[in-house]
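> I am attaching a structure below and will ask some questions about it afterwards.
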Amino acid sequence: MILPTLRQLQFLVALGETGSFSRAAEACHVTQPTLSAGIKELEDLLGVSLAERESRGATLTHAGEIAAARASALLGDAHALVQSVTTAGAVFSGPFHLGAIPTIAPFVLPQTVSLLTKRYPDLKLYLTEDRTNRLVDQLKARTLDAAFIALPWDAPGIETMALFDDEFLLAAPSGHPLARKNGLSPEDLEDEDLLLLEDGHCLREHALSLCRLKAGAGREQVAATSLGTLVNMVAGGLGVSLIPRLAADNGLALGPDVAIRSFVTPIVGRQVGIAWKAGSPRAAEARQLGEFVRDQLKPRTALHT
């Protein structure tokens, strides 16, 4: 009897969780043709159709859902087997795949990697920077062990732990009236050209919702691809923006042309948290990693409880 390979089962589980051949391929770090071929080989082996291919995605058939549920359990057992053998019971040893969203990664990962690798010489870290939905897909597909994301974020099968509050600060050109105004409040932004990250970044939505602003409402919208670009646009006099304190305190390049001001009533823009797949054999390490990062950043951005 010829049995399915773990790789084929991983493709099927990823397809069921993402509902898309392209996103499933991204989560499994393969090309879409490779994933499609793997699914087709699995269908030929089992003699049933596992997925219905549609113009805007894919859905599993009834047989596909049954197979994916069993495959998920098998993959979990295989993953646990590998981890238990390679780590031999030791924490933070062997390969650990860690992700982070772009507005967190540059300000958390460098010092985290440096300190962890010094403390745990047998640990081999693999890093991924991507947007939240793609990181969650990779957690579900077990190609990531943990990821730093912005909370709240609700996804079935994913567990999270809040680490600390991240306050929003005003970034304005140094000669701008708001750079000198006392008692700043969100209402001061209503008539300003507010610079934001492009669609798809959760930080953009956090900024709009917390300041009760609407994209495109009475202002020319200019979007940036990164926080670094956003700061450069502020320095160039294109408008004002909201910057996470995490970034301002931990390496975001802020030149003399940019003034950073806090609001009279601090605006908690988001919570930084860590996420992992429920039931992961590395869940305890993910929690420990979160506590480690929280302790490192606590002097500046501690979570108030």
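As shown in the structure tokens, the chain order sets the letters A, B, ...; within each chain, residues go from 1, and ligands are also counted from 1 in the order they appear.
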Please run DSSP on the backbone and report, as an MDAnalysis selection string, all residues within stretch 60-237 of chain A that come out as alpha helix (DSSP H).
chainID A and resid 62:87 105:119 132:140 202:210 227:235
> Counting only C-alpha atoms, what is within 12 Å of A:Ala78, bar same-chain residues fewer than 2 positions away, as a list of chain:residue names?
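Surrounding residues, per the criterion: A:Thr5, A:Leu6, A:Arg7, A:Leu9, A:Gln10, A:Ala71, A:Ser72, A:Ala73, A:Leu74, A:Leu75, A:Gly76, A:Ala80, A:Leu81, A:Val82, A:Gln83, A:Ser84, A:Val85, A:Arg142, A:Ser280, A:Pro281.
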> Between A:Pro33, A:Pro152, A:Pro173, A:Pro106, which has the minimum distance to A:Leu238 (counting only C-alpha atoms)?
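Using only C-alpha atoms, the shortest distance to A:Leu238 belongs to A:Pro173.
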> Kindly give the distance, in Å, that separates atom CA of A:Ser49 and atom CA of A:Ala67, rounded to a single decimal.
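That distance, rounded to one decimal, is 10.8 Å.
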> Between A:Glu65, A:Arg119, A:Lys124, A:Thr31, which is the closest to A:Ser93 once you count only C-alpha atoms?
A:Lys124
> Considering only C-alpha atoms, state which residue in the set A:Ser241, A:Ser226, A:Thr18, A:Ser185 is at the smallest distance from A:Gln138.
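Nearest candidate to A:Gln138 out of A:Ser241, A:Ser226, A:Thr18, A:Ser185: A:Thr18.
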